[in-house]
>>> print(open('my_file_6.pdb').read())   # PDB, C-alpha atoms
ATOM      1  CA  MET A   1     129.868  71.325 160.581
ATOM      2  CA  THR A   2     130.458  75.014 159.948
ATOM      3  CA  VAL A   3     130.149  76.002 156.298
ATOM      4  CA  ARG A   4     131.623  79.297 155.156
ATOM      5  CA  LYS A   5     129.729  80.769 152.215
ATOM      6  CA  ASN A   6     130.410  83.397 149.606
ATOM      7  CA  GLN A   7     128.908  86.627 150.922
ATOM      8  CA  ALA A   8     127.284  87.164 147.515
ATOM      9  CA  ASN A   9     125.148  84.059 148.125
ATOM     10  CA  LEU A  10     123.951  84.866 151.644
ATOM     11  CA  THR A  11     120.240  85.211 152.246
ATOM     12  CA  SER A  12     118.856  88.274 153.989
ATOM     13  CA  SER A  13     118.416  86.287 157.186
ATOM     14  CA  GLU A  14     121.975  84.935 157.012
ATOM     15  CA  LYS A  15     123.345  88.450 156.587
ATOM     16  CA  LYS A  16     121.332  89.689 159.552
ATOM     17  CA  ALA A  17     122.449  86.783 161.737
ATOM     18  CA  PHE A  18     126.106  87.457 160.931
ATOM     19  CA  VAL A  19     125.812  91.201 161.527
ATOM     20  CA  ASP A  20     123.899  90.735 164.768
ATOM     21  CA  ALA A  21     126.492  88.289 166.104
ATOM     22  CA  VAL A  22     129.379  90.618 165.223
ATOM     23  CA  LEU A  23     127.648  93.536 166.916
ATOM     24  CA  GLU A  24     127.061  91.492 170.054
ATOM     25  CA  VAL A  25     130.676  90.310 170.232
ATOM     26  CA  LYS A  26     131.632  93.981 169.975
ATOM     27  CA  ARG A  27     129.109  95.031 172.647
ATOM     28  CA  ILE A  28     130.437  92.585 175.220
ATOM     29  CA  GLY A  29     134.031  93.717 174.644
ATOM     30  CA  VAL A  30     135.426  90.572 173.060
ATOM     31  CA  TYR A  31     135.760  92.044 169.594
ATOM     32  CA  ASP A  32     138.307  94.620 170.680
ATOM     33  CA  GLU A  33     140.436  91.859 172.197
ATOM     34  CA  PHE A  34     140.877  90.467 168.691
ATOM     35  CA  VAL A  35     141.824  93.904 167.357
ATOM     36  CA  ALA A  36     144.431  94.305 170.093
ATOM     37  CA  ALA A  37     145.830  90.809 169.466
ATOM     38  CA  HIS A  38     146.261  91.555 165.772
ATOM     39  CA  ARG A  39     148.045  94.836 166.506
ATOM     40  CA  LEU A  40     150.420  93.099 168.930
ATOM     41  CA  ARG A  41     151.540  90.577 166.319
ATOM     42  CA  PHE A  42     151.159  92.613 163.159
ATOM     43  CA  ALA A  43     154.837  92.269 162.260
ATOM     44  CA  LEU A  44     157.361  91.159 164.874
ATOM     45  CA  ASP A  45     155.749  89.592 167.915
ATOM     46  CA  MET A  46     156.413  92.200 170.581
ATOM     47  CA  ASN A  47     157.201  89.532 173.169
ATOM     48  CA  THR A  48     159.380  87.106 171.198
ATOM     49  CA  GLY A  49     160.869  89.128 168.329
ATOM     50  CA  VAL A  50     159.661  86.517 165.837
ATOM     51  CA  TYR A  51     157.630  87.254 162.697
ATOM     52  CA  VAL A  52     154.276  85.649 163.459
ATOM     53  CA  GLY A  53     151.141  87.237 161.984
ATOM     54  CA  HIS A  54     152.609  88.796 158.836
ATOM     55  CA  PHE A  55     155.707  88.976 156.641
ATOM     56  CA  GLY A  56     156.588  85.332 157.177
ATOM     57  CA  PRO A  57     155.474  81.757 156.547
ATOM     58  CA  SER A  58     153.080  81.626 159.512
ATOM     59  CA  PHE A  59     150.914  84.345 157.945
ATOM     60  CA  LEU A  60     148.403  81.756 156.700
ATOM     61  CA  PRO A  61     148.195  79.331 159.661
ATOM     62  CA  TRP A  62     148.206  82.215 162.168
ATOM     63  CA  HIS A  63     145.246  83.867 160.487
ATOM     64  CA  ARG A  64     143.466  80.527 160.125
ATOM     65  CA  LYS A  65     143.576  80.077 163.890
ATOM     66  CA  PHE A  66     142.647  83.738 164.417
ATOM     67  CA  LEU A  67     139.522  83.306 162.284
ATOM     68  CA  ILE A  68     138.591  80.017 163.961
ATOM     69  CA  ASP A  69     138.721  81.679 167.375
ATOM     70  CA  PHE A  70     136.615  84.608 166.166
ATOM     71  CA  GLU A  71     134.112  82.283 164.522
ATOM     72  CA  ASN A  72     133.799  80.408 167.810
ATOM     73  CA  GLU A  73     132.912  83.674 169.542
ATOM     74  CA  LEU A  74     130.245  84.408 166.932
ATOM     75  CA  GLN A  75     128.805  80.934 167.414
ATOM     76  CA  LYS A  76     128.503  81.489 171.157
ATOM     77  CA  ILE A  77     125.995  84.172 170.177
ATOM     78  CA  ASP A  78     124.355  82.266 167.304
ATOM     79  CA  PRO A  79     125.465  78.704 166.480
ATOM     80  CA  SER A  80     124.200  79.078 162.914
ATOM     81  CA  VAL A  81     126.665  81.834 162.046
ATOM     82  CA  SER A  82     129.884  81.376 160.112
ATOM     83  CA  ILE A  83     132.322  83.859 158.601
ATOM     84  CA  PRO A  84     131.393  84.498 154.973
ATOM     85  CA  TYR A  85     134.120  85.099 152.447
ATOM     86  CA  TRP A  86     134.503  87.982 150.016
ATOM     87  CA  ASP A  87     135.770  86.911 146.601
ATOM     88  CA  TRP A  88     137.413  90.178 145.649
ATOM     89  CA  THR A  89     138.324  88.852 142.201
ATOM     90  CA  ALA A  90     134.622  88.790 141.290
ATOM     91  CA  ASP A  91     132.932  91.297 143.622
ATOM     92  CA  ASN A  92     135.486  93.942 142.805
ATOM     93  CA  THR A  93     133.696  97.288 142.665
ATOM     94  CA  VAL A  94     132.391  99.792 145.205
ATOM     95  CA  ALA A  95     128.883  98.677 144.189
ATOM     96  CA  SER A  96     129.417  95.027 145.166
ATOM     97  CA  SER A  97     126.946  93.432 147.553
ATOM     98  CA  VAL A  98     129.499  93.223 150.360
ATOM     99  CA  TRP A  99     129.237  97.023 150.677
ATOM    100  CA  GLY A 100     125.449  97.032 150.908
ATOM    101  CA  PRO A 101     123.709  98.648 153.906
ATOM    102  CA  ASP A 102     122.413  95.205 154.919
ATOM    103  CA  LEU A 103     125.934  93.832 155.362
ATOM    104  CA  LEU A 104     129.009  96.029 155.823
ATOM    105  CA  GLY A 105     127.950  99.454 154.596
ATOM    106  CA  GLY A 106     129.824 101.378 151.939
ATOM    107  CA  THR A 107     132.700 103.754 151.459
ATOM    108  CA  GLY A 108     133.349 106.754 153.669
ATOM    109  CA  ARG A 109     132.296 110.335 153.128
ATOM    110  CA  PRO A 110     134.766 112.710 151.418
ATOM    111  CA  LEU A 111     135.327 114.889 154.472
ATOM    112  CA  ASP A 112     137.021 112.338 156.726
ATOM    113  CA  ASP A 113     136.387 108.833 155.247
ATOM    114  CA  GLN A 114     133.736 108.145 157.903
ATOM    115  CA  VAL A 115     131.365 105.313 156.942
ATOM    116  CA  MET A 116     127.855 106.735 157.147
ATOM    117  CA  ASP A 117     125.606 103.768 156.283
ATOM    118  CA  GLY A 118     125.111 100.192 157.368
ATOM    119  CA  PRO A 119     125.241  98.549 160.804
ATOM    120  CA  PHE A 120     128.839  99.583 161.532
ATOM    121  CA  ALA A 121     128.417 103.311 160.939
ATOM    122  CA  TYR A 122     129.468 105.387 163.939
ATOM    123  CA  SER A 123     126.170 107.261 163.799
ATOM    124  CA  ALA A 124     124.320 104.007 164.497
ATOM    125  CA  GLY A 125     125.937 104.008 167.930
ATOM    126  CA  LYS A 126     127.122 100.390 168.004
ATOM    127  CA  TRP A 127     130.621 100.531 166.503
ATOM    128  CA  PRO A 128     132.997 102.877 168.355
ATOM    129  CA  ILE A 129     136.650 102.402 167.435
ATOM    130  CA  THR A 130     138.503 102.060 170.730
ATOM    131  CA  ILE A 131     141.707 100.218 169.682
ATOM    132  CA  GLN A 132     143.236 102.935 167.541
ATOM    133  CA  VAL A 133     146.329 104.005 165.666
ATOM    134  CA  ASP A 134     144.919 107.516 165.304
ATOM    135  CA  SER A 135     142.212 109.554 167.029
ATOM    136  CA  ARG A 136     139.275 108.571 164.820
ATOM    137  CA  PRO A 137     136.485 106.966 166.884
ATOM    138  CA  PHE A 138     134.597 105.924 163.737
ATOM    139  CA  LEU A 139     134.978 103.265 161.051
ATOM    140  CA  ALA A 140     136.743 104.781 158.059
ATOM    141  CA  ARG A 141     137.002 103.642 154.432
ATOM    142  CA  ASN A 142     137.882 105.159 151.092
ATOM    143  CA  LEU A 143     137.273 102.366 148.614
ATOM    144  CA  ALA A 144     139.545 102.352 145.548
ATOM    145  CA  TYR A 145     141.255 105.583 146.646
ATOM    146  CA  ARG A 146     144.885 104.449 146.923
ATOM    147  CA  VAL A 147     144.764 101.638 144.359
ATOM    148  CA  PRO A 148     141.996 101.582 141.732
ATOM    149  CA  THR A 149     141.653  97.832 141.229
ATOM    150  CA  LEU A 150     141.559  94.659 143.274
ATOM    151  CA  PRO A 151     143.610  91.540 142.447
ATOM    152  CA  SER A 152     142.356  89.625 139.422
ATOM    153  CA  ARG A 153     141.447  85.979 139.027
ATOM    154  CA  ALA A 154     144.469  85.589 136.745
ATOM    155  CA  GLU A 155     146.755  86.775 139.556
ATOM    156  CA  VAL A 156     145.127  84.341 141.960
ATOM    157  CA  ASP A 157     145.447  81.460 139.505
ATOM    158  CA  ALA A 158     149.123  82.241 138.969
ATOM    159  CA  ALA A 159     149.685  82.094 142.733
ATOM    160  CA  LEU A 160     147.747  78.853 143.041
ATOM    161  CA  ALA A 161     149.934  77.278 140.359
ATOM    162  CA  LEU A 162     153.104  77.763 142.402
ATOM    163  CA  PRO A 163     154.234  74.363 143.759
ATOM    164  CA  THR A 164     156.242  75.619 146.756
ATOM    165  CA  TYR A 165     154.705  77.073 149.903
ATOM    166  CA  ASP A 166     157.561  79.437 150.831
ATOM    167  CA  SER A 167     161.314  79.843 150.572
ATOM    168  CA  ALA A 168     164.284  81.659 152.075
ATOM    169  CA  PRO A 169     164.634  84.371 153.268
ATOM    170  CA  TRP A 170     161.081  83.588 154.479
ATOM    171  CA  ARG A 171     159.951  87.215 154.493
ATOM    172  CA  ASP A 172     159.488  89.990 151.934
ATOM    173  CA  GLY A 173     161.198  88.932 148.739
ATOM    174  CA  SER A 174     160.576  85.221 149.243
ATOM    175  CA  ALA A 175     159.283  83.120 146.388
ATOM    176  CA  GLY A 176     156.404  80.700 146.660
ATOM    177  CA  PHE A 177     152.686  80.638 147.291
ATOM    178  CA  ARG A 178     152.609  82.292 150.729
ATOM    179  CA  ALA A 179     154.700  85.312 149.837
ATOM    180  CA  THR A 180     152.874  85.785 146.537
ATOM    181  CA  LEU A 181     149.445  85.586 148.166
ATOM    182  CA  GLU A 182     150.380  87.797 151.109
ATOM    183  CA  GLY A 183     151.918  90.399 148.828
ATOM    184  CA  SER A 184     155.696  90.436 149.007
ATOM    185  CA  ALA A 185     155.831  93.141 146.346
ATOM    186  CA  GLY A 186     154.329  95.692 148.727
ATOM    187  CA  TYR A 187     150.869  97.199 148.786
ATOM    188  CA  MET A 188     150.301  96.659 145.053
ATOM    189  CA  SER A 189     150.005  92.892 145.280
ATOM    190  CA  MET A 190     147.372  90.396 146.419
ATOM    191  CA  HIS A 191     146.329  90.331 150.112
ATOM    192  CA  ASN A 192     148.143  93.574 150.877
ATOM    193  CA  ARG A 193     146.483  95.325 147.946
ATOM    194  CA  VAL A 194     143.009  94.487 149.223
ATOM    195  CA  HIS A 195     143.761  96.146 152.557
ATOM    196  CA  THR A 196     145.033  99.218 150.718
ATOM    197  CA  TRP A 197     142.028  99.283 148.348
ATOM    198  CA  VAL A 198     139.638  99.464 151.340
ATOM    199  CA  TRP A 199     141.815 102.048 153.171
ATOM    200  CA  GLY A 200     140.857 103.452 156.585
ATOM    201  CA  GLN A 201     141.595 101.115 159.482
ATOM    202  CA  MET A 202     142.074  98.249 157.018
ATOM    203  CA  GLU A 203     145.384  99.797 155.970
ATOM    204  CA  THR A 204     146.780  99.617 159.527
ATOM    205  CA  SER A 205     147.763  97.162 162.235
ATOM    206  CA  VAL A 206     144.243  97.493 163.719
ATOM    207  CA  SER A 207     142.579  96.306 160.501
ATOM    208  CA  PRO A 208     140.095  93.991 162.283
ATOM    209  CA  ASN A 209     138.295  97.180 163.370
ATOM    210  CA  ASP A 210     136.682  96.917 159.932
ATOM    211  CA  PRO A 211     134.488  93.795 159.799
ATOM    212  CA  VAL A 212     135.456  93.302 156.167
ATOM    213  CA  PHE A 213     138.763  92.035 157.588
ATOM    214  CA  TRP A 214     137.115  88.713 158.426
ATOM    215  CA  LEU A 215     135.542  88.290 154.982
ATOM    216  CA  HIS A 216     138.807  89.196 153.276
ATOM    217  CA  HIS A 217     140.836  86.743 155.333
ATOM    218  CA  ALA A 218     138.238  84.027 154.923
ATOM    219  CA  PHE A 219     138.828  84.278 151.169
ATOM    220  CA  VAL A 220     142.605  84.281 151.658
ATOM    221  CA  ASP A 221     142.172  81.172 153.801
ATOM    222  CA  LYS A 222     139.978  79.564 151.137
ATOM    223  CA  LEU A 223     142.717  80.169 148.584
ATOM    224  CA  TRP A 224     145.178  78.377 150.862
ATOM    225  CA  ALA A 225     142.743  75.446 151.046
ATOM    226  CA  ASP A 226     142.392  75.536 147.245
ATOM    227  CA  TRP A 227     146.187  75.486 146.904
ATOM    228  CA  HIS A 228     146.409  72.384 149.084
ATOM    229  CA  ALA A 229     143.787  70.657 146.932
ATOM    230  CA  LEU A 230     145.730  71.490 143.759
ATOM    231  CA  HIS A 231     149.026  70.199 145.167
ATOM    232  CA  PRO A 232     148.055  67.218 147.345
ATOM    233  CA  THR A 233     151.484  65.564 147.274
ATOM    234  CA  SER A 234     153.828  68.539 147.231
ATOM    235  CA  ALA A 235     151.922  71.105 149.317
ATOM    236  CA  LYS A 236     153.957  71.346 152.500
ATOM    237  CA  TYR A 237     154.497  74.119 155.001
ATOM    238  CA  LEU A 238     158.024  75.478 154.972
ATOM    239  CA  PRO A 239     160.327  75.994 156.800
ATOM    240  CA  ALA A 240     160.277  72.652 158.570
ATOM    241  CA  GLY A 241     162.677  73.450 161.407
ATOM    242  CA  GLY A 242     165.715  75.251 162.740
ATOM    243  CA  THR A 243     164.949  78.641 161.171
ATOM    244  CA  ALA A 244     165.655  81.869 163.009
ATOM    245  CA  ASP A 245     163.107  84.684 163.376
ATOM    246  CA  VAL A 246     160.107  82.855 161.896
ATOM    247  CA  ILE A 247     157.718  80.059 162.866
ATOM    248  CA  ASP A 248     158.721  76.561 161.793
ATOM    249  CA  LEU A 249     156.276  73.745 161.087
ATOM    250  CA  ASN A 250     156.038  72.531 164.676
ATOM    251  CA  ASP A 251     156.683  75.783 166.531
ATOM    252  CA  ALA A 252     153.899  77.267 168.660
ATOM    253  CA  MET A 253     152.395  80.436 167.195
ATOM    254  CA  PRO A 254     151.956  83.190 169.809
ATOM    255  CA  PRO A 255     149.672  83.887 171.569
ATOM    256  CA  TRP A 256     148.700  80.203 171.474
ATOM    257  CA  THR A 257     150.921  77.722 173.257
ATOM    258  CA  ASP A 258     149.358  74.637 171.690
ATOM    259  CA  THR A 259     148.784  75.725 168.082
ATOM    260  CA  THR A 260     151.427  75.133 165.426
ATOM    261  CA  PRO A 261     151.356  75.489 161.645
ATOM    262  CA  GLN A 262     151.150  71.687 161.506
ATOM    263  CA  SER A 263     147.926  71.736 163.503
ATOM    264  CA  MET A 264     146.375  74.242 161.094
ATOM    265  CA  LEU A 265     147.199  72.549 157.782
ATOM    266  CA  ASP A 266     143.854  70.768 157.534
ATOM    267  CA  HIS A 267     140.867  73.080 157.888
ATOM    268  CA  THR A 268     138.176  70.433 157.463
ATOM    269  CA  PRO A 269     137.868  69.469 161.141
ATOM    270  CA  PHE A 270     136.753  73.047 161.754
ATOM    271  CA  TYR A 271     134.778  74.152 158.670
ATOM    272  CA  THR A 272     134.343  73.726 154.943
ATOM    273  CA  TYR A 273     133.802  76.192 152.110
ATOM    274  CA  ALA A 274     130.780  76.389 149.851
TER     275      ALA A 274
END
>>> encode(input="my_file_6.pdb", output="structure tokens")
Amino acid sequence: MTVRKNQANLTSSEKKAFVDAVLEVKRIGVYDEFVAAHRLRFALDMNTGVYVGHFGPSFLPWHRKFLIDFENELQKIDPSVSIPYWDWTADNTVASSVWGPDLLGGTGRPLDDQVMDGPFAYSAGKWPITIQVDSRPFLARNLAYRVPTLPSRAEVDAALALPTYDSAPWRDGSAGFRATLEGSAGYMSMHNRVHTWVWGQMETSVSPNDPVFWLHHAFVDKLWADWHALHPTSAKYLPAGGTADVIDLNDAMPPWTDTTPQSMLDHTPFYTYA
């Protein structure tokens, strides 16, 4: 069984195994397929006109499946590897271990936000950015530039206390756990704020170009699992059916034809959290 661990508790060998697997998935060209898939379904699915990956109720199950598929690719390289999670309520400074040179590297240089240290620095020669929204071929970050702080544990706990998964109009402005966790109040709230705090590619539709994307979304996914545990009788995915423009409980989530929110509600057949 795959166990996803807090990145702060990884051993040196576990960090190296994760980094090496990510670099190999990039080298063989598979990594960029995930970046392109995320860009395609960042807001409206470009093929169906339905909100799939973001700004709607399928935000959480879509990303759960996305992470499972990526984790499977890592495990083709090294079966011992799982996606660690970054608890940004605790490891919330530019000096946190997640930004160490043995894991993700740190913030970018003042000139152009280019990350200069760690395994994903452009100068190391193994991390060219090829799926772009601008012309930068390098990984860029400017930690804490746009927003100075990350979401707090109190904000997370308030979201976890909400008894309803989502509500009409099912997009920005909705009430409930999903919209609160995703950040319906714009870039200043929750999941969205973390992307903005990192900056660089993380602030765009090609955010998986930054490997911290996976650690961030693993924590978001863990919070969804925690919410289910806190509300075992009332925690249900909404909307259940017949809703325009979004993914209902038993609708397929593009690009998958056989994956629905219902099939993603229980994460334990795939992994657990430590």
>>> resolve_selection(input="my_file_6.pdb", expression="the PyMOL selection byres ((chain A and resi 97) around 12)", output="list in words")
Asn6, Gln7, Ala8, Asn9, Leu10, Thr11, Ser12, Lys15, Trp86, Asp87, Trp88, Ala90, Asp91, Asn92, Thr93, Val94, Ala95, Ser96, Val98, Trp99, Gly100, Pro101, Asp102, Leu103, Leu104, Gly105 and Gly106 of chain A
>>> residues_around(input="my_file_6.pdb", residues="Ala36 of chain A", least_positions_apart="5", cutoff="10 Å", atoms="only C-alpha atoms", output="compact mmCIF listing (two decimals) with C-alpha atoms, in the coordinates of the input")
# COMPACT_ATOMS: atom_id res chain seq x y z
CA TYR A 31 135.76 92.04 169.59
CA ARG A 41 151.54 90.58 166.32
CA PHE A 42 151.16 92.61 163.16
CA THR A 130 138.50 102.06 170.73
CA ILE A 131 141.71 100.22 169.68
CA GLN A 132 143.24 102.94 167.54
CA SER A 205 147.76 97.16 162.24
CA VAL A 206 144.24 97.49 163.72
CA SER A 207 142.58 96.31 160.50
CA PRO A 208 140.10 93.99 162.28
CA ASN A 209 138.29 97.18 163.37
>>> residues_around(input="my_file_6.pdb", residues="Ala144 of chain A", least_positions_apart="5", cutoff="9 Å", atoms="only C-alpha atoms", output="list of chain:residue names")
A:Thr93, A:Val94, A:Thr149, A:Leu150, A:Thr196, A:Trp197, A:Val198, A:Trp199
>>> atom_distance(input="my_file_6.pdb", atom1="atom CA of Ala158 of chain A", atom2="atom CA of Asp210 of chain A")
28.5 Å
>>> residues_near_point(input="my_file_6.pdb", point="(128.7, 86.5, 159.3)", cutoff="6 Å", atoms="only C-alpha atoms", output="list of chain:residue names")
A:Phe18, A:Val19, A:Val81, A:Ser82, A:Ile83, A:Pro84
>>> write_last_selection(input="my_file_6.pdb", atoms="C-alpha atoms", output="PDB file, keeping the file's coordinate frame")
ATOM      1  CA  PHE A  18     126.106  87.457 160.931  1.00  0.00           C
ATOM      2  CA  VAL A  19     125.812  91.201 161.527  1.00  0.00           C
ATOM      3  CA  VAL A  81     126.665  81.834 162.046  1.00  0.00           C
ATOM      4  CA  SER A  82     129.884  81.376 160.112  1.00  0.00           C
ATOM      5  CA  ILE A  83     132.322  83.859 158.601  1.00  0.00           C
ATOM      6  CA  PRO A  84     131.393  84.498 154.973  1.00  0.00           C
TER       7      PRO A  84
END
>>> axis_aligned_box(input="my_file_6.pdb", around="segment 142-160 of chain A", padding_each_side="4 Å", output="JSON")
{"center_x": 143.5, "center_y": 92.2, "center_z": 143.9, "size_x": 20.4, "size_y": 34.7, "size_z": 22.3}
>>> closest_atom_pairs(input="my_file_6.pdb", of="segment 133-222 of chain A", to="segment 116-119 of chain A", cutoff="10 Å", atoms="only C-alpha atoms", output="JSON lines")
{"residue": "A:Phe138", "atom": "CA", "partner": "A:Met116", "partner_atom": "CA", "distance": 9.5}
{"residue": "A:Leu139", "atom": "CA", "partner": "A:Met116", "partner_atom": "CA", "distance": 8.8}
{"residue": "A:Ala140", "atom": "CA", "partner": "A:Met116", "partner_atom": "CA", "distance": 9.1}
>>> residues_near_point(input="my_file_6.pdb", point="(164.5, 82.8, 160.7)", cutoff="8 Å", atoms="all atoms listed in the file", output="PyMOL selection string")
chain A and resi 50+169-170+242-247
>>> closest_residue(input="my_file_6.pdb", among="A:Gly200, A:Pro61, A:Pro232, A:Pro110", to="Thr259 of chain A", atoms="all atoms listed in the file")
A:Pro61
>>> atom_distance(input="my_file_6.pdb", atom1="atom CA of Val133 of chain A", atom2="atom CA of Arg39 of chain A")
9.4 Å
>>> closest_residue(input="my_file_6.pdb", among="A:Thr180, A:Thr260, A:Thr204, A:Gln75", to="Trp224 of chain A", atoms="only C-alpha atoms")
A:Thr180
>>> closest_residue(input="my_file_6.pdb", among="A:Thr107, A:Asn250, A:Ser234, A:Asn72", to="Ala161 of chain A", atoms="only C-alpha atoms")
A:Ser234
>>> residues_around(input="my_file_6.pdb", residues="Ile77 of chain A", least_positions_apart="5", cutoff="8 Å", atoms="only C-alpha atoms", output="list in words")
Ala21, Glu24 and Val25 of chain A
>>> residues_around(input="my_file_6.pdb", residues="Tyr165 of chain A", least_positions_apart="3", cutoff="8 Å", atoms="all atoms listed in the file", output="list in words")
Leu162, Gly176, Phe177, Arg178, Ala235, Lys236, Tyr237 and Leu238 of chain A
>>> write_last_selection(input="my_file_6.pdb", atoms="C-alpha atoms", output="PDB file, in the coordinates of the input")
ATOM      1  CA  LEU A 162     153.104  77.763 142.402  1.00  0.00           C
ATOM      2  CA  GLY A 176     156.404  80.700 146.660  1.00  0.00           C
ATOM      3  CA  PHE A 177     152.686  80.638 147.291  1.00  0.00           C
ATOM      4  CA  ARG A 178     152.609  82.292 150.729  1.00  0.00           C
ATOM      5  CA  ALA A 235     151.922  71.105 149.317  1.00  0.00           C
ATOM      6  CA  LYS A 236     153.957  71.346 152.500  1.00  0.00           C
ATOM      7  CA  TYR A 237     154.497  74.119 155.001  1.00  0.00           C
ATOM      8  CA  LEU A 238     158.024  75.478 154.972  1.00  0.00           C
TER       9      LEU A 238
END
>>> resolve_selection(input="my_file_6.pdb", expression="the PyMOL selection byres ((chain A and resi 261) around 10)", output="ChimeraX atom specification")
/A:57-62,64-65,237-238,240,247-253,259-260,262-266
>>> closest_residue(input="my_file_6.pdb", among="A:Phe213, A:Phe66, A:Phe219, A:Phe120", to="Glu33 of chain A", atoms="all atoms listed in the file")
A:Phe66
>>> build_atoms(input="my_file_6.pdb", residues="segment 72-78 of chain A", atoms="all heavy atoms", output="PDB file, keeping the file's coordinate frame")
ATOM      1  N   ASN A  72     134.314  81.039 166.597  1.00  0.00           N
ATOM      2  CA  ASN A  72     133.799  80.408 167.810  1.00  0.00           C
ATOM      3  C   ASN A  72     133.068  81.411 168.686  1.00  0.00           C
ATOM      4  O   ASN A  72     132.038  81.080 169.304  1.00  0.00           O
ATOM      5  CB  ASN A  72     134.942  79.765 168.597  1.00  0.00           C
ATOM      6  CG  ASN A  72     135.471  78.501 167.957  1.00  0.00           C
ATOM      7  OD1 ASN A  72     134.768  77.868 167.153  1.00  0.00           O
ATOM      8  ND2 ASN A  72     136.679  78.113 168.294  1.00  0.00           N
ATOM      9  N   GLU A  73     133.593  82.647 168.760  1.00  0.00           N
ATOM     10  CA  GLU A  73     132.912  83.674 169.542  1.00  0.00           C
ATOM     11  C   GLU A  73     131.572  84.041 168.919  1.00  0.00           C
ATOM     12  O   GLU A  73     130.576  84.242 169.635  1.00  0.00           O
ATOM     13  CB  GLU A  73     133.799  84.912 169.669  1.00  0.00           C
ATOM     14  CG  GLU A  73     135.076  84.704 170.464  1.00  0.00           C
ATOM     15  CD  GLU A  73     134.817  84.280 171.896  1.00  0.00           C
ATOM     16  OE1 GLU A  73     133.795  84.712 172.482  1.00  0.00           O
ATOM     17  OE2 GLU A  73     135.645  83.524 172.440  1.00  0.00           O
ATOM     18  N   LEU A  74     131.513  84.141 167.608  1.00  0.00           N
ATOM     19  CA  LEU A  74     130.245  84.408 166.932  1.00  0.00           C
ATOM     20  C   LEU A  74     129.239  83.302 167.221  1.00  0.00           C
ATOM     21  O   LEU A  74     128.046  83.569 167.440  1.00  0.00           O
ATOM     22  CB  LEU A  74     130.459  84.522 165.419  1.00  0.00           C
ATOM     23  CG  LEU A  74     131.322  85.675 164.907  1.00  0.00           C
ATOM     24  CD1 LEU A  74     131.440  85.601 163.384  1.00  0.00           C
ATOM     25  CD2 LEU A  74     130.753  87.029 165.322  1.00  0.00           C
ATOM     26  N   GLN A  75     129.708  82.070 167.228  1.00  0.00           N
ATOM     27  CA  GLN A  75     128.805  80.934 167.414  1.00  0.00           C
ATOM     28  C   GLN A  75     128.351  80.778 168.858  1.00  0.00           C
ATOM     29  O   GLN A  75     127.352  80.097 169.113  1.00  0.00           O
ATOM     30  CB  GLN A  75     129.467  79.660 166.893  1.00  0.00           C
ATOM     31  CG  GLN A  75     129.595  79.688 165.372  1.00  0.00           C
ATOM     32  CD  GLN A  75     130.370  78.523 164.801  1.00  0.00           C
ATOM     33  OE1 GLN A  75     131.018  77.756 165.534  1.00  0.00           O
ATOM     34  NE2 GLN A  75     130.337  78.383 163.490  1.00  0.00           N
ATOM     35  N   LYS A  76     129.028  81.413 169.792  1.00  0.00           N
ATOM     36  CA  LYS A  76     128.503  81.489 171.157  1.00  0.00           C
ATOM     37  C   LYS A  76     127.248  82.350 171.195  1.00  0.00           C
ATOM     38  O   LYS A  76     126.372  82.143 172.033  1.00  0.00           O
ATOM     39  CB  LYS A  76     129.552  82.069 172.104  1.00  0.00           C
ATOM     40  CG  LYS A  76     130.743  81.162 172.367  1.00  0.00           C
ATOM     41  CD  LYS A  76     131.756  81.866 173.271  1.00  0.00           C
ATOM     42  CE  LYS A  76     133.001  81.025 173.469  1.00  0.00           C
ATOM     43  NZ  LYS A  76     134.009  81.740 174.303  1.00  0.00           N
ATOM     44  N   ILE A  77     127.174  83.309 170.281  1.00  0.00           N
ATOM     45  CA  ILE A  77     125.995  84.172 170.177  1.00  0.00           C
ATOM     46  C   ILE A  77     124.915  83.504 169.353  1.00  0.00           C
ATOM     47  O   ILE A  77     123.738  83.492 169.735  1.00  0.00           O
ATOM     48  CB  ILE A  77     126.381  85.524 169.531  1.00  0.00           C
ATOM     49  CG1 ILE A  77     127.573  86.173 170.256  1.00  0.00           C
ATOM     50  CG2 ILE A  77     125.178  86.455 169.481  1.00  0.00           C
ATOM     51  CD1 ILE A  77     127.371  86.417 171.722  1.00  0.00           C
ATOM     52  N   ASP A  78     125.298  82.922 168.223  1.00  0.00           N
ATOM     53  CA  ASP A  78     124.355  82.266 167.304  1.00  0.00           C
ATOM     54  C   ASP A  78     125.068  81.107 166.635  1.00  0.00           C
ATOM     55  O   ASP A  78     125.925  81.313 165.769  1.00  0.00           O
ATOM     56  CB  ASP A  78     123.864  83.266 166.262  1.00  0.00           C
ATOM     57  CG  ASP A  78     122.801  82.694 165.327  1.00  0.00           C
ATOM     58  OD1 ASP A  78     122.677  81.458 165.244  1.00  0.00           O
ATOM     59  OD2 ASP A  78     122.092  83.481 164.680  1.00  0.00           O
TER      60      ASP A  78
END
